[in-house]
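Enquirer: final.txt is reproduced below (compact mmCIF, C-alpha atoms).
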# COMPACT_ATOMS: atom_id res chain seq x y z
CA MET A 371 1.78 3.60 -10.22
CA LYS A 372 2.01 -0.19 -10.35
CA VAL A 373 -0.73 -2.26 -11.97
CA ILE A 374 -1.30 -5.99 -11.81
CA THR A 375 -2.79 -7.55 -14.91
CA LEU A 376 -4.87 -10.39 -13.54
CA THR A 377 -5.22 -12.42 -16.69
CA HIS A 378 -3.89 -12.42 -20.20
CA ASP A 379 -6.68 -14.75 -21.32
CA PHE A 380 -9.45 -12.20 -21.71
CA ASP A 381 -11.43 -14.63 -23.90
CA ALA A 382 -11.83 -16.95 -20.91
CA LEU A 383 -13.01 -14.06 -18.76
CA VAL A 384 -15.54 -13.01 -21.42
CA LYS A 385 -16.77 -16.60 -21.71
CA ALA A 386 -17.19 -16.81 -17.95
CA PHE A 387 -19.17 -13.57 -17.89
CA GLU A 388 -21.37 -14.84 -20.73
CA ALA A 389 -21.93 -18.27 -19.15
CA LYS A 390 -22.35 -17.26 -15.52
CA PRO A 391 -22.39 -13.48 -15.15
CA GLU A 392 -23.37 -13.29 -11.46
CA ALA A 393 -20.94 -16.01 -10.35
CA THR A 394 -18.12 -14.41 -12.36
CA LYS A 395 -18.82 -10.94 -10.99
CA LYS A 396 -18.89 -12.33 -7.45
CA MET A 397 -15.62 -14.22 -8.05
CA VAL A 398 -13.86 -11.14 -9.47
CA ARG A 399 -14.96 -8.99 -6.52
CA GLN A 400 -13.88 -11.66 -4.02
CA GLN A 401 -10.48 -12.06 -5.69
CA LEU A 402 -9.95 -8.30 -5.72
CA LYS A 403 -10.74 -8.09 -2.01
CA MET A 404 -8.31 -10.93 -1.29
CA ALA A 405 -5.63 -9.32 -3.47
CA ALA A 406 -5.99 -5.97 -1.67
CA ARG A 407 -5.83 -7.72 1.70
CA ASP A 408 -2.75 -9.74 0.72
CA VAL A 409 -0.86 -6.70 -0.58
CA ARG A 410 -1.78 -4.62 2.50
CA GLU A 411 -0.69 -7.38 4.90
CA TYR A 412 2.57 -8.04 3.04
CA ALA A 413 3.41 -4.32 2.87
CA SER A 414 2.64 -3.88 6.57
CA SER A 415 4.94 -6.70 7.59
CA HIS A 416 7.76 -6.37 5.02
CA HIS A 417 9.12 -2.83 5.23
CA ASN A 418 12.51 -1.31 6.02
CA TYR A 419 11.47 1.79 7.97
CA VAL A 420 11.71 1.81 11.75
CA THR A 421 8.29 1.74 13.38
CA ARG A 422 7.81 3.37 16.76
CA THR A 423 4.04 3.40 17.24
CA GLY A 424 2.64 0.91 14.72
CA VAL A 425 0.26 3.54 13.33
CA MET A 426 1.68 3.17 9.83
CA GLU A 427 1.14 -0.59 9.86
CA ARG A 428 -2.44 -0.29 11.19
CA GLN A 429 -3.71 2.78 9.33
CA GLY A 430 -1.14 3.75 6.70
CA ILE A 431 -2.41 1.66 3.81
CA ALA A 432 -5.89 2.22 2.41
CA THR A 433 -7.76 -0.25 0.22
CA ASP A 434 -10.91 0.24 -1.79
CA VAL A 435 -12.62 -2.41 -3.90
CA GLU A 436 -15.28 -1.52 -6.44
CA ASP A 437 -16.91 -3.87 -8.93
CA THR A 438 -13.89 -4.59 -11.14
CA ARG A 439 -11.19 -2.44 -9.59
CA ALA A 440 -9.11 -2.56 -6.43
CA THR A 441 -7.16 0.48 -5.26
CA ILE A 442 -4.35 0.16 -2.74
CA SER A 443 -2.79 3.44 -1.66
CA LEU A 444 -1.09 5.29 1.13
CA SER A 445 -3.70 6.55 3.55
CA GLU A 446 -4.25 10.26 4.05
CA SER A 447 -4.86 9.57 7.74
CA VAL A 448 -1.10 9.03 8.16
CA PRO A 449 0.39 12.16 6.55
CA TYR A 450 4.01 10.98 6.79
CA SER A 451 3.35 7.73 4.90
CA VAL A 452 4.37 9.25 1.57
CA TYR A 453 7.72 10.33 3.07
CA LEU A 454 8.42 6.80 4.29
CA HIS A 455 7.48 5.34 0.92
CA GLU A 456 9.12 7.86 -1.42
CA GLY A 457 11.88 9.20 0.86
CA THR A 458 13.07 12.77 1.38
CA LYS A 459 16.25 14.70 0.73
CA ALA A 460 18.32 16.18 3.54
CA HIS A 461 16.82 19.49 4.63
CA ASP A 462 16.83 22.17 7.30
CA ILE A 463 14.00 22.46 9.81
CA VAL A 464 13.27 25.96 11.09
CA PRO A 465 10.59 27.20 13.49
CA ARG A 466 7.38 28.44 11.88
CA ASN A 467 5.54 30.16 14.72
CA LYS A 468 8.14 30.39 17.49
CA LEU A 469 11.67 31.73 17.80
CA VAL A 470 13.37 28.38 18.45
CA LEU A 471 12.84 24.66 18.03
CA ARG A 472 12.68 22.42 21.09
CA TRP A 473 12.99 18.65 21.38
CA ALA A 474 13.59 16.19 24.17
CA THR A 475 16.70 14.10 24.67
CA GLY A 476 17.75 11.76 27.46
CA GLN A 477 19.37 14.67 29.31
CA GLY A 478 16.47 17.15 28.95
CA PHE A 479 15.42 19.59 26.25
CA VAL A 480 17.51 20.99 23.42
CA PHE A 481 16.80 24.43 21.95
CA SER A 482 17.98 25.56 18.52
CA THR A 483 17.09 28.05 15.79
CA ARG A 484 17.42 25.30 13.16
CA ALA A 485 18.04 21.59 12.81
CA ARG A 486 19.48 19.60 9.93
CA HIS A 487 17.39 16.56 9.01
CA PRO A 488 19.46 13.91 7.19
CA GLY A 489 16.52 12.85 5.00
CA ILE A 490 14.68 9.57 4.78
CA LYS A 491 15.74 6.70 2.55
CA ALA A 492 12.92 5.61 0.23
CA ASP A 493 11.20 2.35 1.17
CA PRO A 494 8.75 1.47 -1.63
CA PHE A 495 6.99 -1.16 0.50
CA LEU A 496 3.73 -0.99 -1.50
CA TYR A 497 5.50 -1.57 -4.81
CA ASN A 498 7.53 -4.38 -3.27
CA ALA A 499 4.35 -5.97 -1.90
CA ILE A 500 2.66 -5.85 -5.29
CA ASP A 501 5.70 -7.41 -6.96
CA ALA A 502 5.89 -10.14 -4.30
CA MET A 503 2.18 -10.97 -4.25
CA ALA A 504 1.40 -10.69 -7.98
CA PRO A 505 2.16 -14.34 -8.87
CA LYS A 506 -0.06 -15.62 -6.03
CA ILE A 507 -2.87 -13.23 -6.93
CA ILE A 508 -2.74 -14.10 -10.63
CA SER A 509 -2.64 -17.87 -10.08
CA ARG A 510 -5.53 -17.73 -7.59
CA PHE A 511 -7.59 -15.63 -10.00
CA GLU A 512 -6.89 -17.92 -12.95
CA GLN A 513 -7.74 -20.99 -10.84
CA LYS A 514 -11.12 -19.54 -9.84
CA LEU A 515 -11.79 -18.49 -13.43
CA SER A 516 -11.12 -22.01 -14.69
CA GLU A 517 -13.42 -23.42 -11.98
CA ILE A 518 -16.25 -21.23 -13.25
CA LEU A 519 -15.61 -22.26 -16.86
CA GLU A 520 -15.43 -25.97 -16.01
CA GLY A 521 -18.36 -26.04 -13.60
For the file at hand, write its structure as structure tokens.

Expert:
Amino acid sequence: MKVITLTHDFDALVKAFEAKPEATKKMVRQQLKMAARDVREYASSHHNYVTRTGVMERQGIATDVEDTRATISLSESVPYSVYLHEGTKAHDIVPRNKLVLRWATGQGFVFSTRARHPGIKADPFLYNAIDAMAPKIISRFEQKLSEILEG
């Protein structure tokens, strides 16, 4: 799990909460929402996997913002998202409830008792998005924190 530390100057954050608690709480929540949005958008547009339907980009990344915490994760509504992110090893696919597998090709259907899947190369697009967006998120947070302290 990757974590972004928003500020190393916790004294400034404490001072802001003491001076203007409601404004600081509102600012923190707003910055967390913006950070989650930025990471989700970056991850959705900067990935290496081949997209066929766009479902992963639209629904594959879930965000949740609570008072002082933002969670960005792979959505359970797209069950294959973890395989795209973490990758898989090469493996055999065998039928579960039927005698043979069937899939379509350009020339019709192919039938087989097993198929060899070559695996999926890991594409840690969420981690890459966090690494790419962290400097922007941190600087924006620190700027808003200094505005509260100065104003």

Enquirer: Residues at most 9 Å from Gln401 in chain A, counting all atoms listed in the file, excluding those fewer than 2 positions away in the same chain, as a PyMOL selection string?

Expert: chain A and resi 396-399+403-406+507+510-511+514

Enquirer: Return the single residue from A:Ala502, A:Ile490, A:Ala440, A:Ala393 that is closest to Gly457 in chain A, with distances computed using only C-alpha atoms.

Expert: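 Checking each of A:Ala502, A:Ile490, A:Ala440, A:Ala393 against Gly457 in chain A, counting only C-alpha atoms, the winner is A:Ile490.
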
Enquirer: Nearest residue to Thr421 in chain A out of A:Ser451, A:Ser482, A:Thr433, A:Thr394, using all atoms listed in the file?

Expert: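 Ranking A:Ser451, A:Ser482, A:Thr433, A:Thr394 by distance to Thr421 in chain A, first place goes to A:Ser451.
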
Enquirer: Got a sec: who's within 12 Å of Asn498 in chain A, counting only C-alpha atoms, leaving out chain neighbours fewer than 3 positions off, as a PyMOL selection string?

Expert: chain A and resi 372+409-418+455+492-495+501-504

Enquirer: Could you check how far CA of Leu444 in chain A sits from CA of Arg428 in chain A, in Å to one decimal?

Expert: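 These atoms are spaced 11.6 Å apart.
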
Enquirer: Which residue, A:Lys395, A:Lys385, A:Lys491, A:Lys390, has the smallest gap to Ala460 in chain A when you use all atoms listed in the file?

Expert: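 Answer, going by the shortest atom-to-atom distance: A:Lys491.
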
Enquirer: Box for range 428-440 of chain A - axis-aligned, 8 Å on each of the six sides, all listed atoms - centre and size in Å to one decimal, as AutoDock Vina command-line options.

Expert:
--center_x -9.0 --center_y -0.4 --center_z 0.0 --size_x 31.8 --size_y 24.3 --size_z 38.3

Enquirer: For CA of Tyr419 in chain A and CA of His487 in chain A, quote the distance in Å rounded to one decimal.

Expert: 15.9 Å

Enquirer: Near Arg486 in chain A, counting all atoms listed in the file, which residues have an atom at most 7 Å away, once you skip same-chain residues fewer than 5 positions from it, shown as a list in words?

Expert: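 Close residues of Arg486 in chain A: His461, Asp462 and Ile463 of chain A.
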
Enquirer: Taking C-alpha atoms for each residue, export the selection above as a PDB file, in the coordinates of the input.

Expert:
ATOM      1  CA  HIS A 461      16.820  19.490   4.630  1.00  0.00           C
ATOM      2  CA  ASP A 462      16.830  22.170   7.300  1.00  0.00           C
ATOM      3  CA  ILE A 463      14.000  22.460   9.810  1.00  0.00           C
TER       4      ILE A 463
END

Enquirer: A:Gly476, A:Pro505, A:Gly424, A:Gly430: which is nearest Pro449 in chain A, counting all atoms listed in the file?

Expert: A:Gly430

Enquirer: Can you pull out the residues contacting Trp473 in chain A? Cut-off 12 Å, using all atoms listed in the file, and skip same-chain residues under 6 positions away; I want them as a ChimeraX atom specification.

Expert: /A:465,479-485

Enquirer: Rank A:Leu383, A:Ile508, A:Leu496, A:Met426 by their smallest atom-to-atom distance to Glu456 in chain A, using only C-alpha atoms, and report the top residue only.

Expert: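 Among the listed residues, A:Leu496 lies closest to Glu456 in chain A.
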
Enquirer: Using all atoms listed in the file, which residue out of A:Glu446, A:Asp408, A:Glu520, A:Glu436 lies closest to Ala382 in chain A?

Expert: A:Glu520

Enquirer: Find the distance between CA of Ala474 in chain A and CA of Arg422 in chain A and write it in Å to one decimal.

Expert: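 Going from CA of Ala474 in chain A over to CA of Arg422 in chain A covers 15.9 Å.
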